[in-house]
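J.: Before I ask anything, here is the structure I am working with.
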Amino acid sequence: MDAPHRDRLAELQLRLKDCGIEGALFTDPDSLYWLSGYWGYASLVSCGRPNFLWVPAADEPAIVTPAMELEMCRSMTSVATIEGWVDGVDGEWMNPLSRILKAHPLRRIGIEAARIPNPVRDFLHRAHPELELADVGPIAGAMRVIKTPAEITIMRQAGQVALAMVEAARGLIRVGVPEYQLSLAALAAGTERAAKFLDEEASDPFASPMIHNLQIMQSGHHTCMVHRRPTVRRILYGDPIYLCFCGITTFKGYWLGFDREYFLGTVSSEQARLYEVTIQAQAAALNAIRPGAVAEDVHFAANEVYLKAGFPATYRTGRGTGASILEAPELKAGDKTKLQPGMTFAVDGGLTVRGEFGARVGDSIVVTEGGFEYLTPYPKGLTVI
């Protein structure tokens with residue numbers, strides 16, 4: 001476990017003490033990785049194999065993981081206490097978890113209420129009714145809001161991975177090409193770019209360059225379906241093609257948001273108008289980003305553009321991003337967080353005409369002392385291929 005992970009655990013312990021919480025139990029893979037440097041593939045409770053990170057306020061942390069992951073876990077983290085468990089043997093994960101919780105008298109512990117799996121929550125209520133469960137999601141989340149220079153460097157690299165993906169997908173757009181082939185090209189290009197970074201650094205033997213997950217992509221009138229995935233549909237002359245990389249732009253455990261849209265052969269005047277409105281709305285939001293600005297005001301700046309153009313207000317203009325694909329704060333009504341240098345956001349523009357057309361654009365940025373800088377610096381003007 002490197003210095004950043006040790007420092008994060010130490011800071012978390014101080015925050016737990018300040019809040020009168022005797023320890024915190026983390027089950028979310030993003031939280032485990034960010035705090036300890038460990039993330040196992042057998043970490044999904046849907047597969048029946050959860051991982052746990054226990055962080056006591058005044059003692060050494062511990063990890064509970066499937067026994068098949070013990071060797072990898074010990075290699076990835078310097079958390080000293082690691083307990084393994086086996087399917088169908090000695091109570092599986094329940095017994096080692098209970099042993100850890102019973103090692104010291106505890107009254108109030110923390111969980112990430114929005115992220116803890118129901119089977120784990122149910123077990124805590126049933127087996128440990130003496131414990132008061134407090135939500136440490138906001139406490140741990142607040143630690144992740146301001147990125148360190150090292151984190152921002154990784155996120156800039158993730159931005160370069162995103163740019164490699166859009167270049168590859170864009171270069172394949174032509175009549176007759178199936179959507180899924182654009183996605184395959186993007187995944188391959190992103191993986192190659194990530195691998196180049198890892199080859200150059202040769203510092204983390206467990207970091208994988210593989211870009212994965214099911215991409216968001218649409219073409220033709222299906223662009224009105226915001227989160228539709230690549231299909232075997234072949235691209236036609238006159239199609240808009242929307243490429244979203246939000247669910248696949250990741251590097252070293254950090255996520256970005258990134259979207260671009262193109263038009264093959266021609267674009268209608270109405271499509272061009274809607275696309276221009278989305279660009280203007282995103283620009284208005286970006287122009288409002290600076291230290292001290294209020295998160296919801298950035299959102300309102302974009303909504304003003306939509307309303308003036310005759311469209312309804314949108315739900316959200318952006319979200320915090322980093323060690324998770326969605327982090328606090330969010331650029332939406334009701335979020336009164338004041339922006340600070342080091343915050344990172346995905347900032348979007350988007351309009352949808354039901355059954356006809358969707359226009360969207362998105363970038364990731366970091367708030368700076370003077371405003372913001374792009375993590376995904378790539379052209380976004382209306383482009384007819």
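By convention here, the chains of the structure tokens are called A, B, ... in the order presented, each chain's residues are numbered starting at 1, and ligands are numbered starting at 1 in the order presented.
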Considering only C-alpha atoms, tabulate each residue of region 80-179 of chain A that lies at most 10 Å from region 362-378 of chain A along with its nearest interatomic pair and the corresponding distance in Å to one decimal; arrange the rows by chain and ascending residue number and present them as a tab-separated table.

T.:
```
residue	atom	partner	partner_atom	distance
A:Ile146	CA	A:Val367	CA	9.5
A:Lys147	CA	A:Val366	CA	8.9
A:Ile152	CA	A:Val366	CA	7.9
A:Thr153	CA	A:Leu375	CA	9.5
A:Met155	CA	A:Leu375	CA	6.9
A:Arg156	CA	A:Leu375	CA	5.2
A:Gln157	CA	A:Leu375	CA	8.3
A:Ala158	CA	A:Leu375	CA	8.0
A:Gly159	CA	A:Thr376	CA	4.8
A:Gln160	CA	A:Thr376	CA	7.0
A:Val161	CA	A:Thr376	CA	9.2
A:Ala162	CA	A:Thr376	CA	7.2
A:Leu163	CA	A:Thr376	CA	6.9
A:Val166	CA	A:Tyr378	CA	9.2
A:Glu167	CA	A:Tyr378	CA	9.7
```

J.: Could you tell me, as a ChimeraX atom specification, which residues of region 25-267 of chain A DSSP assigns to strand (DSSP E or B) when given the backbone?

T.: /A:25-26,52-56,62-66,81-85,108-111,132-135,178,216-219,234,240-244,250-251,254-255,259-263

J.: Would you write out those residues with N, CA and C atoms, as a short mmCIF file (atom, residue, chain, number, x, y, z; two decimals), in the first residue's frame?

T.:
```cif
data_model
loop_
_atom_site.label_atom_id
_atom_site.label_comp_id
_atom_site.auth_asym_id
_atom_site.auth_seq_id
_atom_site.Cartn_x
_atom_site.Cartn_y
_atom_site.Cartn_z
N LEU A 25 -17.28 0.24 7.81
CA LEU A 25 -17.20 -0.96 6.98
C LEU A 25 -17.51 -0.58 5.54
N PHE A 26 -16.56 -0.88 4.64
CA PHE A 26 -16.71 -0.54 3.24
C PHE A 26 -16.84 -1.82 2.41
N PHE A 52 -14.63 -6.90 2.07
CA PHE A 52 -14.89 -5.90 3.10
C PHE A 52 -13.59 -5.22 3.50
N LEU A 53 -13.65 -3.94 3.71
CA LEU A 53 -12.57 -3.20 4.35
C LEU A 53 -13.12 -2.62 5.64
N TRP A 54 -12.54 -3.00 6.76
CA TRP A 54 -12.94 -2.49 8.06
C TRP A 54 -11.90 -1.47 8.52
N VAL A 55 -12.35 -0.26 8.79
CA VAL A 55 -11.46 0.82 9.22
C VAL A 55 -11.90 1.28 10.61
N PRO A 56 -11.25 0.78 11.66
CA PRO A 56 -11.58 1.25 13.00
C PRO A 56 -11.01 2.65 13.22
N ALA A 62 -8.56 -3.76 8.51
CA ALA A 62 -8.54 -5.17 8.14
C ALA A 62 -9.36 -5.37 6.87
N ILE A 63 -9.01 -6.41 6.11
CA ILE A 63 -9.74 -6.77 4.90
C ILE A 63 -10.25 -8.20 5.05
N VAL A 64 -11.49 -8.44 4.64
CA VAL A 64 -12.06 -9.78 4.55
C VAL A 64 -12.34 -10.03 3.07
N THR A 65 -11.78 -11.11 2.52
CA THR A 65 -11.86 -11.36 1.09
C THR A 65 -11.98 -12.85 0.82
N PRO A 66 -12.54 -13.27 -0.29
CA PRO A 66 -12.55 -14.69 -0.62
C PRO A 66 -11.13 -15.27 -0.61
N THR A 81 -3.90 -6.94 8.41
CA THR A 81 -4.84 -8.01 8.76
C THR A 81 -5.73 -8.33 7.58
N ILE A 82 -5.58 -9.53 7.03
CA ILE A 82 -6.40 -9.97 5.89
C ILE A 82 -6.93 -11.36 6.22
N GLU A 83 -8.23 -11.50 6.22
CA GLU A 83 -8.85 -12.78 6.49
C GLU A 83 -9.54 -13.30 5.24
N GLY A 84 -9.33 -14.58 4.94
CA GLY A 84 -9.98 -15.20 3.80
C GLY A 84 -11.14 -16.08 4.25
N TRP A 85 -12.06 -16.29 3.34
CA TRP A 85 -13.19 -17.18 3.62
C TRP A 85 -13.48 -18.02 2.38
N ARG A 108 -21.37 2.18 17.66
CA ARG A 108 -21.77 2.95 16.48
C ARG A 108 -20.72 2.79 15.40
N ILE A 109 -21.11 2.16 14.28
CA ILE A 109 -20.19 1.99 13.17
C ILE A 109 -20.79 2.60 11.91
N GLY A 110 -19.94 2.83 10.94
CA GLY A 110 -20.38 3.46 9.70
C GLY A 110 -20.45 2.49 8.55
N ILE A 111 -21.40 2.73 7.67
CA ILE A 111 -21.51 2.02 6.40
C ILE A 111 -21.77 3.06 5.32
N GLU A 132 -25.36 0.48 16.21
CA GLU A 132 -26.03 1.58 15.50
C GLU A 132 -25.26 1.82 14.20
N LEU A 133 -25.98 1.81 13.07
CA LEU A 133 -25.34 2.00 11.77
C LEU A 133 -25.50 3.45 11.33
N ALA A 134 -24.38 4.12 11.13
CA ALA A 134 -24.37 5.50 10.65
C ALA A 134 -23.90 5.52 9.21
N ASP A 135 -24.35 6.50 8.46
CA ASP A 135 -23.96 6.62 7.06
C ASP A 135 -22.65 7.40 6.95
N PRO A 178 -21.51 -1.60 -39.13
CA PRO A 178 -22.37 -1.82 -37.97
C PRO A 178 -21.86 -1.03 -36.76
N ILE A 216 -22.16 3.06 -24.56
CA ILE A 216 -23.39 3.74 -24.99
C ILE A 216 -23.14 4.30 -26.38
N MET A 217 -24.02 3.96 -27.34
CA MET A 217 -23.85 4.43 -28.72
C MET A 217 -25.18 4.29 -29.44
N GLN A 218 -25.49 5.28 -30.29
CA GLN A 218 -26.69 5.18 -31.13
C GLN A 218 -26.40 5.83 -32.48
N SER A 219 -27.24 5.47 -33.46
CA SER A 219 -27.17 6.13 -34.76
C SER A 219 -28.58 6.29 -35.30
N ARG A 234 -26.63 -1.10 -39.21
CA ARG A 234 -25.60 -0.53 -40.09
C ARG A 234 -25.88 0.94 -40.34
N PRO A 240 -27.10 10.71 -37.89
CA PRO A 240 -26.27 11.18 -36.78
C PRO A 240 -25.74 9.96 -36.04
N ILE A 241 -24.53 10.06 -35.52
CA ILE A 241 -23.92 8.96 -34.77
C ILE A 241 -23.43 9.53 -33.45
N TYR A 242 -24.01 9.03 -32.36
CA TYR A 242 -23.66 9.51 -31.02
C TYR A 242 -22.75 8.50 -30.33
N LEU A 243 -21.61 8.97 -29.85
CA LEU A 243 -20.61 8.13 -29.20
C LEU A 243 -20.43 8.61 -27.76
N CYS A 244 -20.80 7.77 -26.81
CA CYS A 244 -20.61 8.09 -25.40
C CYS A 244 -19.54 7.18 -24.83
N THR A 250 -11.87 4.81 -18.36
CA THR A 250 -11.31 4.58 -17.03
C THR A 250 -9.84 4.22 -17.16
N PHE A 251 -9.05 4.66 -16.19
CA PHE A 251 -7.62 4.35 -16.18
C PHE A 251 -7.14 4.39 -14.74
N TYR A 254 -9.72 5.44 -12.19
CA TYR A 254 -10.36 6.77 -12.26
C TYR A 254 -11.20 6.86 -13.53
N TRP A 255 -12.38 7.49 -13.38
CA TRP A 255 -13.37 7.56 -14.45
C TRP A 255 -13.54 8.99 -14.95
N ASP A 259 -18.37 12.63 -24.42
CA ASP A 259 -19.35 12.33 -25.48
C ASP A 259 -19.04 13.19 -26.71
N ARG A 260 -19.24 12.58 -27.87
CA ARG A 260 -19.17 13.33 -29.12
C ARG A 260 -20.23 12.79 -30.09
N GLU A 261 -20.65 13.65 -31.02
CA GLU A 261 -21.65 13.25 -32.01
C GLU A 261 -21.22 13.73 -33.39
N TYR A 262 -21.48 12.88 -34.39
CA TYR A 262 -21.10 13.19 -35.76
C TYR A 262 -22.28 12.93 -36.69
N PHE A 263 -22.16 13.46 -37.91
CA PHE A 263 -23.21 13.31 -38.92
C PHE A 263 -22.56 12.79 -40.20
#
```

J.: Here is a test: counting only C-alpha atoms, which residue of A:Ile100, A:Ala188, A:Leu214, A:Ala323 is nearest to Arg228 (chain A)?

T.: A:Leu214

J.: Figure out the distance between CA of Val86 (chain A) and CA of Ala58 (chain A), please, to one decimal in Å.

T.: 29.0 Å

J.: With distances taken over only C-alpha atoms, which of A:Val353, A:Ala272, A:Ala186, A:Asp30 is nearest to Pro312 (chain A)?

T.: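 Going through A:Val353, A:Ala272, A:Ala186, A:Asp30 one by one, the smallest distance to Pro312 (chain A) is for A:Val353.
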
J.: What's the separation between CA of Met343 (chain A) and CA of Arg8 (chain A), in Å to one decimal place?

T.: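 These atoms are spaced 17.0 Å apart.
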
J.: Rank A:Pro96, A:Gly257, A:Pro138, A:Gly40 by their smallest atom-to-atom distance to Ala207 (chain A), using only C-alpha atoms, and report the top residue only.

T.: A:Gly40

J.: Could you pull out all residues of region 55-131 of chain A with a DSSP call of alpha helix (DSSP H) and give them as a list in words?

T.: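 The alpha helix (DSSP H) subset of region 55-131 of chain A is Leu70, Glu71, Met72, Cys73, Arg74, Ser75, Met76, Met94, Asn95, Pro96, Leu97, Ser98, Arg99, Ile100, Leu101, Lys102, Asn118, Pro119, Val120, Arg121, Asp122, Phe123, Leu124, His125, Arg126 and Ala127 of chain A.
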
J.: Just to confirm, what's the straight-line distance from CA of Glu327 (chain A) to CA of Glu151 (chain A) in Å (one decimal)?

T.: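 Spanning CA of Glu327 (chain A) to CA of Glu151 (chain A) is a straight-line distance of 14.5 Å.
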
J.: Considering only C-alpha atoms, return as an NGL selection string whatever protein or nucleic-acid residues lie within 10 Å of Val136 (chain A), sequence-local ones (same chain, fewer than 4 positions apart) excluded.

T.: :A and (12 or 15-16 or 19 or 21 or 23-26 or 109-114 or 140-142)

J.: Taking only C-alpha atoms into account, name the residue in A:Ile248, A:Leu339, A:Leu182, A:Ala283 that is nearest to Gly381 (chain A).

T.: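 The shortest atom-to-atom distance to Gly381 (chain A) comes from A:Ala283.
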